[in-house]
>>> print(open('target29.tsv').read())   # TSV, C-alpha atoms
chain	number	residue	atom	x	y	z
A	1	MET	CA	6.04	-14.79	-34.33
A	2	ASN	CA	3.69	-13.77	-31.52
A	3	PRO	CA	0.87	-11.25	-32.09
A	4	LEU	CA	2.61	-8.50	-30.11
A	5	ALA	CA	5.74	-8.59	-32.29
A	6	ARG	CA	3.58	-8.48	-35.43
A	7	ALA	CA	1.68	-5.50	-34.01
A	8	GLU	CA	4.96	-3.63	-33.42
A	9	GLN	CA	6.00	-4.30	-37.01
A	10	ALA	CA	2.61	-3.19	-38.32
A	11	VAL	CA	2.75	0.14	-36.46
A	12	ILE	CA	6.15	1.11	-37.84
A	13	GLY	CA	5.26	-0.22	-41.27
A	14	ALA	CA	2.14	1.97	-41.25
A	15	VAL	CA	4.22	5.05	-40.36
A	16	PHE	CA	6.64	4.33	-43.21
A	17	LEU	CA	3.78	3.94	-45.69
A	18	ASP	CA	1.71	6.86	-44.37
A	19	PRO	CA	3.65	9.35	-42.18
A	20	ALA	CA	0.42	11.18	-41.31
A	21	GLN	CA	-0.39	8.28	-38.96
A	22	LEU	CA	2.13	9.79	-36.53
A	23	ASP	CA	-0.38	12.57	-35.82
A	24	ARG	CA	-2.75	9.90	-34.49
A	25	LEU	CA	-0.09	7.98	-32.56
A	26	GLY	CA	2.53	10.41	-31.33
A	27	SER	CA	0.59	11.87	-28.39
A	28	TRP	CA	0.14	8.58	-26.52
A	29	LEU	CA	2.41	5.90	-28.01
A	30	ARG	CA	6.04	6.26	-26.95
A	31	PRO	CA	9.21	4.42	-28.08
A	32	GLU	CA	9.57	2.69	-24.71
A	33	HIS	CA	6.23	0.99	-25.29
A	34	PHE	CA	7.87	-1.22	-27.94
A	35	TYR	CA	9.50	-4.40	-26.73
A	36	ARG	CA	12.19	-4.93	-29.39
A	37	PRO	CA	15.11	-2.46	-29.32
A	38	ALA	CA	15.09	-2.10	-33.11
A	39	HIS	CA	11.43	-1.11	-33.05
A	40	GLN	CA	12.07	1.36	-30.22
A	41	ALA	CA	14.87	2.95	-32.23
A	42	LEU	CA	12.89	3.17	-35.47
A	43	TYR	CA	9.82	4.65	-33.82
A	44	ALA	CA	11.94	7.17	-31.89
A	45	SER	CA	13.65	8.07	-35.17
A	46	VAL	CA	10.45	8.85	-37.08
A	47	LEU	CA	9.25	10.97	-34.13
A	48	ALA	CA	12.55	12.86	-34.19
A	49	LEU	CA	12.34	13.39	-37.96
A	50	ARG	CA	8.81	14.71	-37.61
A	51	ASP	CA	9.88	17.12	-34.87
A	52	ARG	CA	12.63	18.39	-37.19
A	53	SER	CA	10.01	18.93	-39.95
A	54	HIS	CA	11.47	16.34	-42.30
A	55	PRO	CA	9.88	16.71	-45.77
A	56	GLY	CA	8.65	13.13	-45.68
A	57	SER	CA	6.68	13.67	-42.46
A	58	THR	CA	3.98	15.60	-44.36
A	59	ALA	CA	3.90	13.40	-47.47
A	60	ALA	CA	0.62	11.77	-48.39
A	61	ALA	CA	0.26	8.01	-48.54
A	62	GLY	CA	1.51	6.72	-51.89
A	63	SER	CA	3.93	9.60	-52.44
A	64	VAL	CA	6.36	9.13	-49.55
A	65	PRO	CA	9.94	10.05	-50.54
A	66	VAL	CA	12.66	7.45	-50.21
A	67	SER	CA	14.55	9.79	-47.88
A	68	TRP	CA	11.84	9.35	-45.23
A	69	VAL	CA	12.68	5.67	-44.76
A	70	ALA	CA	16.42	6.02	-45.44
A	71	ASP	CA	16.88	8.86	-42.94
A	72	ALA	CA	14.85	6.95	-40.34
A	73	VAL	CA	17.17	3.94	-40.69
A	74	THR	CA	20.23	6.20	-40.39
A	75	GLU	CA	18.78	7.89	-37.31
A	76	ALA	CA	17.94	4.52	-35.75
A	77	GLY	CA	21.51	3.35	-36.30
A	78	THR	CA	22.66	6.01	-33.85
A	79	ARG	CA	20.34	4.59	-31.20
A	80	THR	CA	20.87	0.85	-31.51
A	81	ARG	CA	22.69	-1.72	-33.58
A	82	GLY	CA	21.31	-4.20	-36.08
A	83	VAL	CA	18.87	-2.03	-38.04
A	84	THR	CA	19.53	-2.86	-41.69
A	85	ALA	CA	18.37	-0.97	-44.78
A	86	SER	CA	16.17	-3.89	-45.83
A	87	TYR	CA	14.29	-4.18	-42.54
A	88	PRO	CA	11.85	-1.28	-43.22
A	89	HIS	CA	10.63	-3.16	-46.30
A	90	GLN	CA	9.79	-6.15	-44.09
A	91	LEU	CA	7.93	-3.84	-41.75
A	92	ALA	CA	5.93	-2.29	-44.58
A	93	ALA	CA	5.01	-5.75	-45.84
A	94	ALA	CA	3.91	-6.76	-42.31
A	95	CYS	CA	1.35	-3.93	-42.18
A	96	PRO	CA	-2.06	-5.17	-43.38
A	97	ASN	CA	-3.54	-1.68	-43.62
A	98	PRO	CA	-1.81	1.62	-42.74
A	99	GLY	CA	-5.18	3.15	-41.90
A	100	ASN	CA	-5.45	0.80	-38.93
A	101	ALA	CA	-2.29	2.17	-37.31
A	102	VAL	CA	-4.19	3.31	-34.19
A	103	VAL	CA	-5.55	-0.19	-33.65
A	104	TYR	CA	-2.10	-1.69	-34.03
A	105	GLY	CA	-0.72	0.97	-31.70
A	106	ARG	CA	-3.21	0.03	-28.99
A	107	MET	CA	-2.05	-3.57	-29.28
A	108	VAL	CA	1.51	-2.39	-28.69
A	109	LEU	CA	0.42	-0.23	-25.75
A	110	GLU	CA	-1.54	-3.09	-24.18
A	111	GLY	CA	1.53	-5.32	-24.36
A	112	ALA	CA	3.59	-2.52	-22.82
A	113	ILE	CA	1.08	-2.12	-19.99
A	114	HIS	CA	1.32	-5.80	-19.06
A	115	ARG	CA	5.10	-5.78	-19.32
A	116	THR	CA	5.64	-2.51	-17.45
A	117	VAL	CA	3.28	-3.37	-14.61
A	118	ALA	CA	4.97	-6.74	-14.17
A	119	GLU	CA	8.43	-5.14	-14.09
A	120	HIS	CA	7.46	-2.61	-11.43
A	121	ALA	CA	5.71	-5.28	-9.38
A	122	VAL	CA	8.91	-7.32	-9.39
A	123	ARG	CA	10.90	-4.28	-8.25
A	124	LEU	CA	8.45	-3.63	-5.44
A	125	HIS	CA	8.69	-7.23	-4.28
A	126	GLN	CA	12.48	-7.12	-4.35
A	127	ALA	CA	12.52	-3.85	-2.40
A	128	ALA	CA	10.17	-5.30	0.21
A	129	ARG	CA	12.39	-8.35	0.67
A	130	ALA	CA	15.46	-6.14	1.04
A	131	ASP	CA	13.72	-3.85	3.53
A	132	THR	CA	12.61	-6.88	5.53
A	133	ILE	CA	16.25	-7.83	6.02
A	134	ARG	CA	17.30	-4.26	6.83
A	135	GLY	CA	14.30	-3.51	9.03
A	136	ALA	CA	13.54	-0.45	6.90
A	137	THR	CA	10.67	0.87	4.76
A	138	GLU	CA	12.20	3.58	2.55
A	139	GLU	CA	12.87	1.54	-0.61
A	140	THR	CA	9.51	-0.21	-0.35
A	141	LEU	CA	7.64	3.09	-0.21
A	142	LEU	CA	9.69	4.46	-3.11
A	143	ARG	CA	8.86	1.46	-5.31
A	144	ALA	CA	5.22	1.49	-4.27
A	145	ASP	CA	4.92	5.13	-5.33
A	146	ALA	CA	6.62	4.31	-8.63
A	147	LEU	CA	4.16	1.50	-9.33
A	148	ALA	CA	1.16	3.69	-8.47
A	149	GLY	CA	2.51	6.44	-10.72
A	150	VAL	CA	3.03	4.03	-13.60
A	151	LEU	CA	-0.52	2.73	-13.26
A	152	ALA	CA	-1.90	6.27	-13.31
A	153	ASP	CA	0.16	7.21	-16.38
A	154	LEU	CA	-0.74	4.04	-18.27
A	155	GLY	CA	-4.39	4.56	-17.41
A	156	ARG	CA	-4.29	8.03	-18.97
A	157	ARG	CA	-2.59	6.75	-22.10
A	158	TRP	CA	-5.04	3.88	-22.40
A	159	GLY	CA	-7.99	6.19	-21.85
A	160	ALA	CA	-9.26	4.22	-18.87
A	161	ASP	CA	-10.57	5.52	-15.56
A	162	ALA	CA	-7.65	4.65	-13.29
A	163	ARG	CA	-9.56	3.59	-10.18
A	164	PRO	CA	-9.45	0.44	-8.05
A	165	VAL	CA	-11.66	-2.35	-9.37
A	166	PRO	CA	-11.90	-5.61	-7.40
A	167	PRO	CA	-11.26	-8.74	-9.48
A	168	PRO	CA	-13.94	-11.39	-9.84
A	169	ALA	CA	-14.38	-13.52	-6.75
A	170	GLY	CA	-12.15	-16.55	-6.89
A	171	PRO	CA	-11.39	-19.42	-4.52
A	172	GLU	CA	-10.42	-18.29	-1.05
A	173	PRO	CA	-6.69	-18.74	-0.41
A	174	GLY	CA	-5.89	-21.39	2.13
A	175	PRO	CA	-4.50	-20.45	5.54
A	176	ARG	CA	-0.79	-19.88	5.60
A	177	THR	CA	1.71	-19.28	8.34
A	178	PRO	CA	4.61	-17.27	6.94
A	179	ALA	CA	8.01	-17.50	8.54
A	180	VAL	CA	8.52	-14.72	11.07
A	181	ASP	CA	11.88	-12.99	11.36
A	182	GLU	CA	13.48	-13.52	14.76
A	183	ASP	CA	13.91	-9.80	15.45
A	184	LEU	CA	10.31	-9.06	14.44
A	185	HIS	CA	9.09	-11.92	16.62
A	186	ALA	CA	10.94	-10.39	19.59
A	187	ASP	CA	9.51	-6.92	18.83
A	188	GLU	CA	5.98	-8.30	18.81
A	189	GLU	CA	6.51	-10.08	22.13
A	190	PHE	CA	8.00	-6.95	23.72
A	191	LEU	CA	5.03	-4.91	22.52
A	192	LEU	CA	2.49	-7.34	23.96
A	193	ALA	CA	4.35	-7.50	27.26
A	194	CYS	CA	4.45	-3.68	27.43
A	195	LEU	CA	0.71	-3.46	26.87
A	196	ALA	CA	-0.04	-6.12	29.47
A	197	ALA	CA	2.24	-4.50	32.06
A	198	ARG	CA	0.93	-0.98	31.36
A	199	PRO	CA	-2.62	-1.21	30.04
A	200	ASP	CA	-2.84	2.57	29.85
A	201	GLN	CA	-0.61	2.35	26.77
A	202	ILE	CA	-3.22	0.34	24.85
A	203	GLY	CA	-5.11	3.54	24.12
A	204	THR	CA	-2.04	5.08	22.48
A	205	VAL	CA	-1.65	2.32	19.87
A	206	VAL	CA	-5.15	0.96	19.33
A	207	GLY	CA	-5.97	3.75	16.87
A	208	TRP	CA	-3.34	2.69	14.34
A	209	LEU	CA	-2.27	-0.86	15.22
A	210	ARG	CA	-4.42	-3.76	14.01
A	211	PRO	CA	-4.27	-7.45	14.97
A	212	GLU	CA	-3.36	-8.37	11.39
A	213	ASP	CA	-0.23	-6.20	11.68
A	214	PHE	CA	1.32	-8.94	13.81
A	215	ALA	CA	3.11	-11.54	11.73
A	216	ASP	CA	2.67	-14.30	14.31
A	217	PRO	CA	-0.93	-15.65	14.47
A	218	GLY	CA	-0.61	-16.23	18.21
A	219	HIS	CA	0.39	-12.63	18.75
A	220	GLN	CA	-2.68	-11.55	16.79
A	221	GLN	CA	-4.88	-13.44	19.24
A	222	LEU	CA	-3.12	-11.93	22.25
A	223	TYR	CA	-3.53	-8.41	20.89
A	224	ARG	CA	-7.24	-9.04	20.25
A	225	ALA	CA	-7.65	-10.23	23.84
A	226	LEU	CA	-5.83	-7.19	25.21
A	227	GLY	CA	-7.95	-4.87	23.10
A	228	ALA	CA	-11.19	-6.54	24.16
A	229	LEU	CA	-10.36	-6.29	27.86
A	230	ASN	CA	-9.37	-2.66	27.50
A	231	HIS	CA	-12.52	-1.87	25.53
A	232	ARG	CA	-14.72	-3.38	28.25
A	233	GLY	CA	-12.79	-1.60	30.99
A	234	GLU	CA	-11.77	-4.85	32.66
A	235	PRO	CA	-8.45	-5.45	34.44
A	236	VAL	CA	-5.53	-6.53	32.29
A	237	ASP	CA	-2.93	-8.97	33.57
A	238	GLN	CA	-1.56	-12.39	32.70
A	239	LEU	CA	-4.56	-14.27	34.10
A	240	THR	CA	-7.30	-12.07	32.62
A	241	VAL	CA	-5.67	-12.20	29.19
A	242	LEU	CA	-5.27	-15.96	29.45
A	243	TRP	CA	-8.96	-16.30	30.33
A	244	GLU	CA	-9.99	-14.04	27.44
A	245	VAL	CA	-7.85	-16.00	25.00
A	246	GLN	CA	-9.49	-19.21	26.19
A	247	ARG	CA	-12.98	-17.68	25.80
A	248	ARG	CA	-12.10	-16.85	22.20
A	249	GLY	CA	-11.11	-20.45	21.49
A	250	ALA	CA	-7.48	-19.63	20.73
A	251	LEU	CA	-5.95	-22.07	23.24
A	252	ASN	CA	-5.86	-24.88	20.72
A	253	GLY	CA	-2.28	-25.96	21.20
A	254	HIS	CA	-1.35	-24.91	17.68
A	255	THR	CA	-1.56	-21.11	17.79
A	256	LEU	CA	-1.33	-20.55	21.54
A	257	ASP	CA	-1.09	-22.49	24.79
A	258	ALA	CA	-1.30	-21.34	28.39
A	259	GLU	CA	2.44	-21.54	29.00
A	260	ARG	CA	3.19	-19.33	26.01
A	261	VAL	CA	0.63	-16.72	27.04
A	262	VAL	CA	2.13	-16.46	30.54
A	263	ARG	CA	5.66	-16.31	29.16
A	264	VAL	CA	4.95	-13.59	26.60
A	265	LEU	CA	3.06	-11.41	29.07
A	266	ASP	CA	5.66	-11.62	31.82
A	267	PRO	CA	5.71	-8.06	33.28
A	268	LEU	CA	9.18	-8.57	34.76
A	269	ALA	CA	10.71	-8.94	31.30
A	270	VAL	CA	9.51	-5.56	30.01
A	271	ALA	CA	11.62	-2.47	29.51
A	272	GLY	CA	10.42	-0.24	26.70
A	273	SER	CA	7.71	1.88	25.17
A	274	ALA	CA	4.65	0.50	23.42
A	275	ASP	CA	4.84	3.36	20.91
A	276	TYR	CA	8.34	2.35	19.84
A	277	PHE	CA	7.64	-1.34	19.43
A	278	GLY	CA	4.23	-0.64	17.90
A	279	GLU	CA	5.81	1.52	15.22
A	280	ARG	CA	8.26	-1.26	14.39
A	281	VAL	CA	5.47	-3.83	14.16
A	282	VAL	CA	3.31	-1.72	11.86
A	283	GLY	CA	6.39	-0.86	9.76
A	284	ALA	CA	7.10	-4.55	9.29
A	285	ALA	CA	3.42	-5.05	8.40
A	286	LEU	CA	3.75	-2.35	5.74
A	287	VAL	CA	6.69	-4.10	4.09
A	288	ARG	CA	5.00	-7.50	4.34
A	289	THR	CA	1.80	-6.13	2.79
A	290	ALA	CA	3.81	-4.53	-0.02
A	291	ALA	CA	5.36	-7.89	-0.87
A	292	GLU	CA	1.94	-9.55	-0.96
A	293	SER	CA	0.46	-6.76	-3.10
A	294	ALA	CA	3.41	-6.97	-5.49
A	295	GLN	CA	2.85	-10.70	-5.97
A	296	GLN	CA	-0.83	-10.12	-6.74
A	297	VAL	CA	-0.06	-7.36	-9.25
A	298	ARG	CA	2.57	-9.48	-10.97
A	299	ALA	CA	0.14	-12.40	-11.31
A	300	LEU	CA	-2.40	-10.05	-12.88
A	301	ALA	CA	0.15	-8.59	-15.29
A	302	GLU	CA	1.28	-12.02	-16.45
A	303	ASP	CA	-2.28	-12.92	-17.48
A	304	GLU	CA	-2.14	-12.02	-21.17
A	305	ALA	CA	-5.89	-12.56	-21.53
A	306	LEU	CA	-6.66	-9.73	-19.08
A	307	PRO	CA	-7.57	-6.50	-20.90
A	308	ALA	CA	-5.35	-3.52	-20.14
A	309	GLY	CA	-8.07	-1.41	-18.54
A	310	ARG	CA	-9.08	-4.18	-16.17
A	311	LEU	CA	-5.45	-4.91	-15.37
A	312	ILE	CA	-4.91	-1.32	-14.26
A	313	GLY	CA	-8.06	-1.32	-12.13
A	314	HIS	CA	-7.31	-4.70	-10.52
A	315	ALA	CA	-3.70	-3.67	-9.85
A	316	LEU	CA	-4.82	-0.48	-8.10
A	317	HIS	CA	-7.22	-2.56	-6.02
A	318	ALA	CA	-4.35	-4.88	-5.04
A	319	LEU	CA	-2.42	-1.85	-3.77
A	320	GLY	CA	-5.34	-0.80	-1.55
A	321	PRO	CA	-4.26	-2.80	1.54
A	322	LEU	CA	-0.78	-1.31	1.24
A	323	ASP	CA	-2.20	2.22	1.17
A	324	GLU	CA	-4.28	1.46	4.28
A	325	VAL	CA	-1.29	0.15	6.26
A	326	ARG	CA	0.79	3.07	5.05
A	327	ARG	CA	-1.70	5.59	6.44
A	328	ARG	CA	-1.64	3.91	9.83
A	329	TRP	CA	2.16	3.70	9.76
A	330	HIS	CA	2.30	7.43	9.08
A	331	THR	CA	-0.09	8.06	11.98
A	332	ALA	CA	2.13	5.97	14.26
A	333	ARG	CA	5.15	8.09	13.35
A	334	THR	CA	3.43	11.45	13.68
A	335	ALA	CA	0.91	10.82	16.49
A	336	PRO	CA	1.14	13.52	19.18
A	337	ALA	CA	2.08	12.55	22.70
A	338	PRO	CA	-0.97	11.56	24.73
A	339	GLU	CA	-2.36	14.21	27.05
A	340	LYS	CA	-1.72	13.89	30.76
A	341	PRO	CA	-4.57	11.81	32.13
A	342	GLN	CA	-6.89	13.22	34.76
A	343	ALA	CA	-7.17	11.74	38.19
A	344	PRO	CA	-8.76	8.33	37.82
A	345	ALA	CA	-12.33	7.88	38.92
A	346	PRO	CA	-13.07	5.44	41.73
A	347	ALA	CA	-13.33	1.84	40.62
A	348	GLY	CA	-16.71	0.92	39.23
A	349	VAL	CA	-17.79	4.53	38.52
A	350	SER	CA	-17.98	5.87	34.98
A	351	PRO	CA	-16.01	9.08	34.25
A	352	ASP	CA	-19.22	11.04	33.58
A	353	ARG	CA	-20.75	10.06	36.92
A	354	ALA	CA	-17.50	10.82	38.74
A	355	GLU	CA	-17.31	14.27	37.18
A	356	ALA	CA	-20.91	14.96	38.15
A	357	ALA	CA	-20.16	13.91	41.73
A	358	ARG	CA	-17.14	16.22	41.86
A	359	ALA	CA	-19.24	19.09	40.57
A	360	ARG	CA	-21.83	18.53	43.28
A	361	SER	CA	-19.19	18.35	46.01
A	362	ARG	CA	-17.41	21.60	45.15
A	363	THR	CA	-17.84	24.29	47.83
A	364	ARG	CA	-20.29	26.90	46.66
A	365	ARG	CA	-19.27	30.51	46.96
A	366	ALA	CA	-21.04	32.30	49.82
A	367	ALA	CA	-23.78	34.71	48.87
A	368	PRO	CA	-23.01	38.42	49.44
A	369	PRO	CA	-24.00	39.68	52.91
A	370	ALA	CA	-27.54	40.98	53.17
A	371	PRO	CA	-28.28	44.55	54.18
A	372	ALA	CA	-27.75	45.30	57.84
A	373	ALA	CA	-31.46	45.82	58.42
A	374	ALA	CA	-32.22	42.30	57.42
A	375	ALA	CA	-29.60	40.94	59.83
A	376	LEU	CA	-29.45	37.65	57.91
A	377	SER	CA	-26.47	35.33	58.24
A	378	VAL	CA	-25.22	33.06	55.55
A	379	THR	CA	-23.94	29.63	56.42
A	380	PRO	CA	-21.52	28.08	53.91
A	381	VAL	CA	-22.60	24.77	52.45
A	382	ARG	CA	-20.60	21.89	53.82
A	383	THR	CA	-19.78	19.09	51.48
A	384	SER	CA	-17.90	15.90	51.71
A	385	ARG	CA	-16.45	13.46	49.15
A	386	ARG	CA	-17.71	10.01	49.65
A	387	SER	CA	-16.33	7.08	47.81
A	388	PRO	CA	-19.08	4.86	46.50
A	389	ALA	CA	-19.39	1.53	48.17
>>> encode(input="target29.tsv", output="structure tokens")
Amino acid sequence: MNPLARAEQAVIGAVFLDPAQLDRLGSWLRPEHFYRPAHQALYASVLALRDRSHPGSTAAAGSVPVSWVADAVTEAGTRTRGVTASYPHQLAAACPNPGNAVVYGRMVLEGAIHRTVAEHAVRLHQAARADTIRGATEETLLRADALAGVLADLGRRWGADARPVPPPAGPEPGPRTPAVDEDLHADEEFLLACLAARPDQIGTVVGWLRPEDFADPGHQQLYRALGALNHRGEPVDQLTVLWEVQRRGALNGHTLDAERVVRVLDPLAVAGSADYFGERVVGAALVRTAAESAQQVRALAEDEALPAGRLIGHALHALGPLDEVRRRWHTARTAPAPEKPQAPAPAGVSPDRAEAARARSRTRRAAPPAPAAAALSVTPVRTSRRSPA
């Protein structure tokens, strides 16, 4: 018998031998924290008897009435099958010391934390896989919220500060190239083509779309090149992007080649909005990140040697990347429409200098006429707009 099963037996055996132990356990240890159905039913039964002020619930150790155990078995029989009248005696014999009930209860709770976190991580991973197929995010977000809520609740019950704690540094994972869904691959290509054909749209997505949101490594490099050119204020077209990609060392024949860059950024094949395709790309990144976070949390939960408090902290840390993508996804869905741009400044002139030039060239209002005795005339100032060479 494994230590967790013996701990469950010891907790219930302690409650049968000394009902006052429920006062130390009942506020944080719940029936669902037990793994075996019979133990869940018996613990729920003694809690129910205590709530109904059963005479045995206030008995001192050594003077517990037989009805306390007998009524608990009867109550448990209404909740599950297989609880025999002799089983409580085995539980009492399995309890080394009823006074250590809190210690045994923490063992049960620690096992429940590992088991519960693993179950919710599996559900999150399954939801992410389903949403990947459907092209949706709703179920993934629902399961992510459920996992975060479970971690917060378990942290309170364990008495730990439920905050993200990075795990010890381990070996860096090797590079991997996950399979990219055909529809997502097309969305990423459409987005890149839209940005190359209309560079003014880069500013509308750069605040919430990151290179790592692209599933295809080649598309990540193209988006980095587009962003760099836009940041430097340089022209954006097929050739300038190709040159920037080459400068970054991405034309290695494995991730990108010249023919692919030209094909993806073909302006004649574009019909769509960067906002629309960008939202789809970051939504897919959210689901993909959720699946990766779920796998990390499950691996942590399956490590029985990891203390419960550290498990909760490491699991919250693993959900951090998902929270970050989720914030950007929300921004993409609620971002206001960009303001109408002002008239562009002449090429090669910064906006500040152009505005200063316009201010200097505005016609000044004529001064009020002087008194007649002065007989002074006022000549309006003539200005002209010159384009810089």
>>> closest_residue(input="target29.tsv", among="A:Ala85, A:Ala285, A:Leu251, A:Leu154", to="Leu29 in chain A", atoms="only C-alpha atoms")
A:Leu154
>>> atom_distance(input="target29.tsv", atom1="CA of Ser293 in chain A", atom2="CA of Leu124 in chain A")
8.9 Å
>>> residues_around(input="target29.tsv", residues="Glu302 in chain A", least_positions_apart="4", cutoff="12 Å", atoms="all atoms listed in the file", output="list in words")
Gly111, Ala112, Ile113, His114, Arg115, Thr116, Val117, Ala118, Glu119, Ala121, Val122, Gln295, Gln296, Val297, Arg298, Leu306, Pro307, Ala308, Leu311 and Ala315 of chain A
>>> closest_residue(input="target29.tsv", among="A:Val73, A:Val165, A:Cys194, A:Leu142", to="Tyr87 in chain A", atoms="all atoms listed in the file")
A:Val73
>>> atom_distance(input="target29.tsv", atom1="CA of Ala72 in chain A", atom2="CA of Val46 in chain A")
5.8 Å
>>> closest_residue(input="target29.tsv", among="A:Gly105, A:Gly62, A:Pro19, A:Gly56", to="His33 in chain A", atoms="all atoms listed in the file")
A:Gly105
>>> closest_residue(input="target29.tsv", among="A:Trp158, A:Tyr276, A:Trp68, A:Tyr104", to="Trp28 in chain A", atoms="only C-alpha atoms")
A:Trp158
>>> residues_around(input="target29.tsv", residues="Val15 in chain A", least_positions_apart="4", cutoff="9 Å", atoms="all atoms listed in the file", output="MDAnalysis selection string")
chainID A and resid 10:11 19:22 43 46 92 98 101
>>> atom_distance(input="target29.tsv", atom1="CA of Arg232 in chain A", atom2="CA of Glu244 in chain A")
11.7 Å
>>> axis_aligned_box(input="target29.tsv", around="range 136-142 of chain A", padding_each_side="4 Å", output="lines of an AutoDock Vina configuration file")
center_x = 10.6
center_y = 2.0
center_z = 1.9
size_x = 13.9
size_y = 12.9
size_z = 18.0
>>> residues_around(input="target29.tsv", residues="Gly207 in chain A", least_positions_apart="3", cutoff="9 Å", atoms="only C-alpha atoms", output="number ranges by chain")
A: 203-204, 210, 328, 331-332
>>> closest_residue(input="target29.tsv", among="A:Arg263, A:Arg326, A:Arg81, A:Arg280", to="Ala136 in chain A", atoms="all atoms listed in the file")
A:Arg280
>>> residues_around(input="target29.tsv", residues="Pro65 in chain A", least_positions_apart="3", cutoff="12 Å", atoms="all atoms listed in the file", output="PyMOL selection string")
chain A and resi 16-19+54-62+68-72
>>> closest_residue(input="target29.tsv", among="A:Arg129, A:Arg260, A:Arg247, A:Arg156", to="Leu109 in chain A", atoms="all atoms listed in the file")
A:Arg156
